[in-house]
Amino acid sequence: MENRLIPLDPNAPFRFSCSPEAVCFNECCRDLNQALTPYDVLRLKRKLGISSQHFLQQYTRRHAGPGSGLPVVTLIPATPNV
């Protein structure tokens with residue numbers, strides 16, 4: 001199977017289903033240290049309808065990047081519902 005990228009219109013919605021049938025299954029989450037950009041934080045907190053401070057306190061970890069010492073914000077992995 002050819003692995004082609006399909007261009008997306010930045011203003012068009014799209015749907016994606018993460019499942020074992022997807023070619024990229026587990027590629028994005030195999031590294032559980034998902035770094036967030038400031039833009040990621042803004043979009044996620046807006047979607048949740050909470051303040052940036054609340055989002056950062058509840059859903060992220062903050063630490064210094066290795067080597068650079070620059071601040072890095074990572075998403076706290078969700079625990080599976082059992």
# chains A, B, ... in the order shown; residues from 1 in each chain; ligands from 1

call {"tool": "residues_around", "arguments": {"residues": "region 66-71 of chain A", "least_positions_apart": "3", "cutoff": "12 Å", "atoms": "only C-alpha atoms", "output": "count of residues only"}}
result
8

call {"tool": "select_by_dssp", "arguments": {"residues": "chain A", "states": "strand (DSSP E)", "output": "PyMOL selection string"}}
result
chain A and resi 35-36+60-64+71-75

call {"tool": "write_last_selection", "arguments": {"atoms": "N, CA and C atoms", "output": "PDB file, in the first residue's frame"}}
result
ATOM      1  N   ALA A  35       4.711  16.280  23.794  1.00  0.00           N
ATOM      2  CA  ALA A  35       4.982  17.694  24.045  1.00  0.00           C
ATOM      3  C   ALA A  35       3.887  18.542  23.408  1.00  0.00           C
ATOM      4  N   LEU A  36       3.495  19.594  24.102  1.00  0.00           N
ATOM      5  CA  LEU A  36       2.455  20.497  23.611  1.00  0.00           C
ATOM      6  C   LEU A  36       3.066  21.853  23.284  1.00  0.00           C
ATOM      7  N   THR A  60      -1.436  18.566  32.358  1.00  0.00           N
ATOM      8  CA  THR A  60      -0.061  18.588  31.852  1.00  0.00           C
ATOM      9  C   THR A  60       0.970  18.453  32.962  1.00  0.00           C
ATOM     10  N   ARG A  61       2.176  18.159  32.519  1.00  0.00           N
ATOM     11  CA  ARG A  61       3.352  18.197  33.380  1.00  0.00           C
ATOM     12  C   ARG A  61       4.297  19.221  32.775  1.00  0.00           C
ATOM     13  N   ARG A  62       4.998  19.941  33.620  1.00  0.00           N
ATOM     14  CA  ARG A  62       5.957  20.928  33.152  1.00  0.00           C
ATOM     15  C   ARG A  62       7.338  20.550  33.662  1.00  0.00           C
ATOM     16  N   HIS A  63       8.326  20.630  32.779  1.00  0.00           N
ATOM     17  CA  HIS A  63       9.698  20.327  33.159  1.00  0.00           C
ATOM     18  C   HIS A  63      10.650  21.028  32.202  1.00  0.00           C
ATOM     19  N   ALA A  64      11.922  20.955  32.518  1.00  0.00           N
ATOM     20  CA  ALA A  64      12.953  21.570  31.664  1.00  0.00           C
ATOM     21  C   ALA A  64      13.397  20.551  30.621  1.00  0.00           C
ATOM     22  N   PRO A  71      11.609  25.434  28.994  1.00  0.00           N
ATOM     23  CA  PRO A  71      10.407  24.800  29.532  1.00  0.00           C
ATOM     24  C   PRO A  71       9.700  23.935  28.474  1.00  0.00           C
ATOM     25  N   VAL A  72       9.249  22.780  28.922  1.00  0.00           N
ATOM     26  CA  VAL A  72       8.512  21.851  28.066  1.00  0.00           C
ATOM     27  C   VAL A  72       7.238  21.466  28.801  1.00  0.00           C
ATOM     28  N   VAL A  73       6.128  21.468  28.086  1.00  0.00           N
ATOM     29  CA  VAL A  73       4.847  21.054  28.646  1.00  0.00           C
ATOM     30  C   VAL A  73       4.453  19.768  27.941  1.00  0.00           C
ATOM     31  N   THR A  74       4.160  18.712  28.734  1.00  0.00           N
ATOM     32  CA  THR A  74       3.727  17.439  28.162  1.00  0.00           C
ATOM     33  C   THR A  74       2.348  17.076  28.677  1.00  0.00           C
ATOM     34  N   LEU A  75       1.617  16.380  27.855  1.00  0.00           N
ATOM     35  CA  LEU A  75       0.285  15.920  28.219  1.00  0.00           C
ATOM     36  C   LEU A  75       0.398  14.745  29.172  1.00  0.00           C
TER      37      LEU A  75
END

call {"tool": "atom_distance", "arguments": {"atom1": "CA of Pro13 (chain A)", "atom2": "CA of Gln57 (chain A)"}}
result
29.2 Å

call {"tool": "residues_around", "arguments": {"residues": "Ile76 (chain A)", "least_positions_apart": "3", "cutoff": "9 Å", "atoms": "only C-alpha atoms", "output": "NGL selection string"}}
result
:A and (32-34 or 58-61)

call {"tool": "select_by_dssp", "arguments": {"residues": "chain A", "states": "alpha helix (DSSP H)", "output": "list of chain:residue names"}}
result
A:Pro38, A:Tyr39, A:Asp40, A:Val41, A:Leu42, A:Arg43, A:Leu44, A:Lys45, A:Arg46, A:Lys47, A:Leu48, A:Ser52, A:Gln53, A:His54, A:Phe55, A:Leu56, A:Gln57, A:Gln58, A:Tyr59

call {"tool": "write_last_selection", "arguments": {"atoms": "N, CA, C and O atoms", "output": "mmCIF file, in the first residue's frame"}}
result
data_model
loop_
_atom_site.group_PDB
_atom_site.id
_atom_site.type_symbol
_atom_site.label_atom_id
_atom_site.label_comp_id
_atom_site.auth_asym_id
_atom_site.auth_seq_id
_atom_site.Cartn_x
_atom_site.Cartn_y
_atom_site.Cartn_z
ATOM 1 N N PRO A 38 2.365 26.009 22.613
ATOM 2 C CA PRO A 38 1.387 26.960 23.156
ATOM 3 C C PRO A 38 0.067 26.929 22.378
ATOM 4 O O PRO A 38 -1.010 27.049 22.963
ATOM 5 N N TYR A 39 0.136 26.730 21.072
ATOM 6 C CA TYR A 39 -1.081 26.648 20.259
ATOM 7 C C TYR A 39 -1.910 25.430 20.645
ATOM 8 O O TYR A 39 -3.139 25.499 20.723
ATOM 9 N N ASP A 40 -1.256 24.287 20.911
ATOM 10 C CA ASP A 40 -1.969 23.094 21.374
ATOM 11 C C ASP A 40 -2.726 23.392 22.662
ATOM 12 O O ASP A 40 -3.892 23.030 22.816
ATOM 13 N N VAL A 41 -2.054 24.059 23.601
ATOM 14 C CA VAL A 41 -2.677 24.392 24.886
ATOM 15 C C VAL A 41 -3.898 25.275 24.665
ATOM 16 O O VAL A 41 -4.969 25.035 25.235
ATOM 17 N N LEU A 42 -3.769 26.299 23.819
ATOM 18 C CA LEU A 42 -4.901 27.195 23.549
ATOM 19 C C LEU A 42 -6.085 26.440 22.963
ATOM 20 O O LEU A 42 -7.230 26.620 23.396
ATOM 21 N N ARG A 43 -5.836 25.608 21.983
ATOM 22 C CA ARG A 43 -6.938 24.877 21.338
ATOM 23 C C ARG A 43 -7.601 23.889 22.297
ATOM 24 O O ARG A 43 -8.817 23.785 22.336
ATOM 25 N N LEU A 44 -6.788 23.184 23.084
ATOM 26 C CA LEU A 44 -7.345 22.192 24.002
ATOM 27 C C LEU A 44 -8.143 22.856 25.129
ATOM 28 O O LEU A 44 -9.244 22.417 25.462
ATOM 29 N N LYS A 45 -7.624 23.924 25.700
ATOM 30 C CA LYS A 45 -8.341 24.584 26.801
ATOM 31 C C LYS A 45 -9.631 25.234 26.301
ATOM 32 O O LYS A 45 -10.643 25.247 26.991
ATOM 33 N N ARG A 46 -9.610 25.759 25.076
ATOM 34 C CA ARG A 46 -10.832 26.340 24.505
ATOM 35 C C ARG A 46 -11.879 25.262 24.279
ATOM 36 O O ARG A 46 -13.060 25.456 24.564
ATOM 37 N N LYS A 47 -11.449 24.117 23.755
ATOM 38 C CA LYS A 47 -12.389 23.014 23.504
ATOM 39 C C LYS A 47 -13.003 22.518 24.813
ATOM 40 O O LYS A 47 -14.182 22.185 24.876
ATOM 41 N N LEU A 48 -12.194 22.491 25.883
ATOM 42 C CA LEU A 48 -12.688 22.043 27.186
ATOM 43 C C LEU A 48 -13.455 23.127 27.927
ATOM 44 O O LEU A 48 -14.124 22.846 28.924
ATOM 45 N N SER A 52 -6.490 28.527 30.787
ATOM 46 C CA SER A 52 -5.170 27.952 30.520
ATOM 47 C C SER A 52 -4.556 27.412 31.808
ATOM 48 O O SER A 52 -3.971 26.331 31.822
ATOM 49 N N GLN A 53 -4.701 28.182 32.885
ATOM 50 C CA GLN A 53 -4.132 27.763 34.167
ATOM 51 C C GLN A 53 -4.733 26.433 34.618
ATOM 52 O O GLN A 53 -4.008 25.519 35.021
ATOM 53 N N HIS A 54 -6.052 26.309 34.536
ATOM 54 C CA HIS A 54 -6.722 25.062 34.928
ATOM 55 C C HIS A 54 -6.267 23.907 34.039
ATOM 56 O O HIS A 54 -5.968 22.815 34.522
ATOM 57 N N PHE A 55 -6.209 24.132 32.727
ATOM 58 C CA PHE A 55 -5.765 23.090 31.803
ATOM 59 C C PHE A 55 -4.350 22.630 32.147
ATOM 60 O O PHE A 55 -4.079 21.432 32.251
ATOM 61 N N LEU A 56 -3.447 23.598 32.327
ATOM 62 C CA LEU A 56 -2.052 23.253 32.620
ATOM 63 C C LEU A 56 -1.927 22.495 33.938
ATOM 64 O O LEU A 56 -1.159 21.533 34.039
ATOM 65 N N GLN A 57 -2.685 22.900 34.954
ATOM 66 C CA GLN A 57 -2.611 22.231 36.256
ATOM 67 C C GLN A 57 -3.177 20.810 36.206
ATOM 68 O O GLN A 57 -2.625 19.903 36.810
ATOM 69 N N GLN A 58 -4.271 20.631 35.492
ATOM 70 C CA GLN A 58 -4.966 19.345 35.521
ATOM 71 C C GLN A 58 -4.462 18.340 34.489
ATOM 72 O O GLN A 58 -4.447 17.147 34.761
ATOM 73 N N TYR A 59 -4.044 18.790 33.322
ATOM 74 C CA TYR A 59 -3.782 17.868 32.222
ATOM 75 C C TYR A 59 -2.330 17.794 31.751
ATOM 76 O O TYR A 59 -2.028 17.056 30.819
#

call {"tool": "atom_distance", "arguments": {"atom1": "CA of Ser17 (chain A)", "atom2": "CA of Arg4 (chain A)"}}
result
17.3 Å

call {"tool": "atom_distance", "arguments": {"atom1": "CA of Cys28 (chain A)", "atom2": "CA of Ala12 (chain A)"}}
result
22.0 Å
